[in-house]
Amino acid sequence: MEITVDASELKDEGKEVIQGLVDFMKEKTGADVTNESNKVTVKGETSAVTKKYLRVLVKKYLHKTELKEYYRVISGDEDTLKVKERKLEED
């Protein structure tokens, strides 16, 4: 199973944030995780790597890096998740 996380909106935060996401997902899933042009691809053999589980992991990573207030995770096309910037209300 192959699932892609489109983290292109995180590029404003710096390359180390996206690389941190790759390392975090490798550690948690044990699957093959690659990063090319701000898209993180997770290839897993087991049923432990599901779209729902990866969504939870991305949310946990955003919370850990204190970016949860500014970004959210939405479902894209089939086998794709997207990290989108939140529209913040202005005073």
# chains A, B, ... in the order shown; residues from 1 in each chain; ligands from 1
$ residues_around --residues "Lys39 in chain A" --least-positions-apart "3" --cutoff "12 Å" --atoms "only C-alpha atoms" --output "mmCIF file with N, CA and C atoms, in the first residue's frame"
data_model
loop_
_atom_site.group_PDB
_atom_site.id
_atom_site.type_symbol
_atom_site.label_atom_id
_atom_site.label_comp_id
_atom_site.auth_asym_id
_atom_site.auth_seq_id
_atom_site.Cartn_x
_atom_site.Cartn_y
_atom_site.Cartn_z
ATOM 1 N N ILE A 3 0.768 5.472 0.249
ATOM 2 C CA ILE A 3 -0.017 6.661 0.568
ATOM 3 C C ILE A 3 0.895 7.872 0.503
ATOM 4 N N THR A 4 0.404 8.952 -0.111
ATOM 5 C CA THR A 4 1.186 10.169 -0.272
ATOM 6 C C THR A 4 0.628 11.268 0.618
ATOM 7 N N VAL A 5 1.527 11.985 1.296
ATOM 8 C CA VAL A 5 1.154 13.137 2.102
ATOM 9 C C VAL A 5 1.737 14.367 1.417
ATOM 10 N N ASP A 6 0.859 15.248 0.926
ATOM 11 C CA ASP A 6 1.293 16.469 0.247
ATOM 12 C C ASP A 6 1.560 17.536 1.310
ATOM 13 N N ALA A 7 2.830 17.770 1.600
ATOM 14 C CA ALA A 7 3.217 18.727 2.636
ATOM 15 C C ALA A 7 3.807 19.987 2.022
ATOM 16 N N SER A 8 3.404 20.321 0.801
ATOM 17 C CA SER A 8 4.007 21.451 0.105
ATOM 18 C C SER A 8 3.740 22.784 0.800
ATOM 19 N N GLU A 9 2.644 22.904 1.543
ATOM 20 C CA GLU A 9 2.367 24.155 2.246
ATOM 21 C C GLU A 9 3.249 24.316 3.479
ATOM 22 N N LEU A 10 3.883 23.241 3.925
ATOM 23 C CA LEU A 10 4.810 23.317 5.061
ATOM 24 C C LEU A 10 6.183 23.840 4.655
ATOM 25 N N LYS A 11 6.426 24.011 3.347
ATOM 26 C CA LYS A 11 7.760 24.432 2.904
ATOM 27 C C LYS A 11 8.131 25.816 3.425
ATOM 28 N N LYS A 15 12.833 23.334 5.410
ATOM 29 C CA LYS A 15 13.047 21.953 4.983
ATOM 30 C C LYS A 15 13.123 20.988 6.161
ATOM 31 N N ILE A 18 9.744 19.316 7.157
ATOM 32 C CA ILE A 18 9.311 18.202 6.307
ATOM 33 C C ILE A 18 10.199 16.977 6.552
ATOM 34 N N GLN A 19 11.505 17.199 6.720
ATOM 35 C CA GLN A 19 12.401 16.081 7.016
ATOM 36 C C GLN A 19 12.066 15.474 8.376
ATOM 37 N N LEU A 21 9.083 15.353 9.639
ATOM 38 C CA LEU A 21 7.875 14.552 9.409
ATOM 39 C C LEU A 21 8.243 13.179 8.847
ATOM 40 N N VAL A 22 9.194 13.146 7.907
ATOM 41 C CA VAL A 22 9.653 11.877 7.327
ATOM 42 C C VAL A 22 10.236 10.987 8.416
ATOM 43 N N VAL A 33 9.644 5.220 4.000
ATOM 44 C CA VAL A 33 9.145 6.589 3.855
ATOM 45 C C VAL A 33 10.155 7.391 3.046
ATOM 46 N N THR A 34 9.688 8.008 1.952
ATOM 47 C CA THR A 34 10.575 8.815 1.108
ATOM 48 C C THR A 34 10.001 10.213 0.958
ATOM 49 N N ASN A 35 10.887 11.151 0.619
ATOM 50 C CA ASN A 35 10.487 12.546 0.451
ATOM 51 C C ASN A 35 11.066 13.068 -0.849
ATOM 52 N N GLU A 36 10.201 13.521 -1.738
ATOM 53 C CA GLU A 36 10.683 14.171 -2.949
ATOM 54 C C GLU A 36 9.759 15.330 -3.288
ATOM 55 N N VAL A 42 4.633 7.057 1.767
ATOM 56 C CA VAL A 42 4.771 5.958 2.722
ATOM 57 C C VAL A 42 4.372 4.671 2.021
ATOM 58 N N THR A 80 -4.253 9.840 -0.759
ATOM 59 C CA THR A 80 -3.521 11.095 -0.626
ATOM 60 C C THR A 80 -4.066 11.896 0.547
ATOM 61 N N LEU A 81 -3.161 12.447 1.346
ATOM 62 C CA LEU A 81 -3.509 13.379 2.412
ATOM 63 C C LEU A 81 -2.834 14.702 2.098
ATOM 64 N N LYS A 82 -3.459 15.813 2.486
ATOM 65 C CA LYS A 82 -2.881 17.131 2.247
ATOM 66 C C LYS A 82 -2.789 17.902 3.549
ATOM 67 N N VAL A 83 -1.682 18.599 3.713
ATOM 68 C CA VAL A 83 -1.520 19.498 4.847
ATOM 69 C C VAL A 83 -1.848 20.891 4.320
#
$ select_by_dssp --residues "chain A" --states "alpha helix (DSSP H)" --output "list in words"
Lys15, Glu16, Val17, Ile18, Gln19, Gly20, Leu21, Val22, Asp23, Phe24, Met25, Lys26, Glu27, Lys28, Thr29, Lys51, Lys52, Tyr53, Leu54, Arg55, Val56, Leu57, Val58, Lys59, Lys60, Tyr61, Leu62, His63 and Lys64 of chain A
$ write_last_selection --atoms "N, CA and C atoms" --output "short mmCIF file (atom, residue, chain, number, x, y, z; two decimals), in the first residue's frame"
data_model
loop_
_atom_site.label_atom_id
_atom_site.label_comp_id
_atom_site.auth_asym_id
_atom_site.auth_seq_id
_atom_site.Cartn_x
_atom_site.Cartn_y
_atom_site.Cartn_z
N LYS A 15 12.83 23.33 5.41
CA LYS A 15 13.05 21.95 4.98
C LYS A 15 13.12 20.99 6.16
N GLU A 16 13.65 21.47 7.30
CA GLU A 16 13.81 20.58 8.44
C GLU A 16 12.47 20.11 9.00
N VAL A 17 11.40 20.87 8.80
CA VAL A 17 10.07 20.46 9.27
C VAL A 17 9.58 19.25 8.46
N ILE A 18 9.74 19.32 7.16
CA ILE A 18 9.31 18.20 6.31
C ILE A 18 10.20 16.98 6.55
N GLN A 19 11.50 17.20 6.72
CA GLN A 19 12.40 16.08 7.02
C GLN A 19 12.07 15.47 8.38
N GLY A 20 11.68 16.32 9.32
CA GLY A 20 11.25 15.83 10.63
C GLY A 20 10.02 14.97 10.52
N LEU A 21 9.08 15.35 9.64
CA LEU A 21 7.88 14.55 9.41
C LEU A 21 8.24 13.18 8.85
N VAL A 22 9.19 13.15 7.91
CA VAL A 22 9.65 11.88 7.33
C VAL A 22 10.24 10.99 8.42
N ASP A 23 11.11 11.55 9.26
CA ASP A 23 11.74 10.77 10.33
C ASP A 23 10.70 10.28 11.33
N PHE A 24 9.74 11.13 11.67
CA PHE A 24 8.68 10.79 12.62
C PHE A 24 7.85 9.61 12.10
N MET A 25 7.51 9.66 10.80
CA MET A 25 6.68 8.59 10.22
C MET A 25 7.47 7.29 10.10
N LYS A 26 8.77 7.37 9.80
CA LYS A 26 9.61 6.16 9.76
C LYS A 26 9.64 5.49 11.12
N GLU A 27 9.80 6.31 12.15
CA GLU A 27 9.89 5.80 13.51
C GLU A 27 8.59 5.14 13.95
N LYS A 28 7.46 5.76 13.64
CA LYS A 28 6.17 5.27 14.12
C LYS A 28 5.63 4.09 13.31
N THR A 29 5.86 4.08 11.99
CA THR A 29 5.26 3.04 11.17
C THR A 29 6.21 1.89 10.86
N LYS A 51 -4.61 4.96 5.72
CA LYS A 51 -4.77 6.40 5.51
C LYS A 51 -5.19 7.08 6.81
N LYS A 52 -6.09 6.44 7.53
CA LYS A 52 -6.58 7.00 8.78
C LYS A 52 -5.46 7.11 9.81
N TYR A 53 -4.63 6.07 9.91
CA TYR A 53 -3.52 6.07 10.87
C TYR A 53 -2.49 7.15 10.50
N LEU A 54 -2.20 7.28 9.22
CA LEU A 54 -1.23 8.31 8.80
C LEU A 54 -1.77 9.70 9.08
N ARG A 55 -3.06 9.89 8.93
CA ARG A 55 -3.67 11.19 9.24
C ARG A 55 -3.46 11.53 10.71
N VAL A 56 -3.66 10.54 11.58
CA VAL A 56 -3.44 10.74 13.02
C VAL A 56 -1.97 11.06 13.29
N LEU A 57 -1.06 10.36 12.61
CA LEU A 57 0.37 10.62 12.81
C LEU A 57 0.76 12.03 12.37
N VAL A 58 0.22 12.49 11.25
CA VAL A 58 0.54 13.84 10.79
C VAL A 58 0.00 14.87 11.78
N LYS A 59 -1.22 14.64 12.30
CA LYS A 59 -1.78 15.54 13.31
C LYS A 59 -0.89 15.56 14.55
N LYS A 60 -0.42 14.39 14.99
CA LYS A 60 0.46 14.32 16.16
C LYS A 60 1.76 15.08 15.91
N TYR A 61 2.30 14.95 14.70
CA TYR A 61 3.54 15.66 14.38
C TYR A 61 3.32 17.18 14.39
N LEU A 62 2.21 17.62 13.83
CA LEU A 62 1.91 19.06 13.83
C LEU A 62 1.76 19.57 15.26
N HIS A 63 1.15 18.76 16.11
CA HIS A 63 0.99 19.15 17.51
C HIS A 63 2.36 19.21 18.21
N LYS A 64 3.18 18.22 17.93
CA LYS A 64 4.51 18.14 18.55
C LYS A 64 5.38 19.33 18.15
#
$ atom_distance --atom1 "CA of Glu45 in chain A" --atom2 "CA of Lys84 in chain A"
27.7 Å
$ atom_distance --atom1 "CA of Thr41 in chain A" --atom2 "CA of Gly14 in chain A"
18.5 Å
$ closest_residue --among "A:Leu88, A:Ala31, A:Leu67, A:Val73" --to "Thr50 in chain A" --atoms "only C-alpha atoms"
A:Ala31
$ select_by_dssp --residues "range 3-82 of chain A" --states "strand (DSSP E)" --output "list in words"
Ile3, Thr4, Val5, Asp6, Asp32, Val33, Thr34, Asn35, Glu36, Lys39, Val40, Thr41, Val42, Lys43, Tyr71, Arg72, Val73, Ile74, Ser75, Thr80, Leu81 and Lys82 of chain A
$ atom_distance --atom1 "CA of Gly76 in chain A" --atom2 "CA of Ala48 in chain A"
20.0 Å
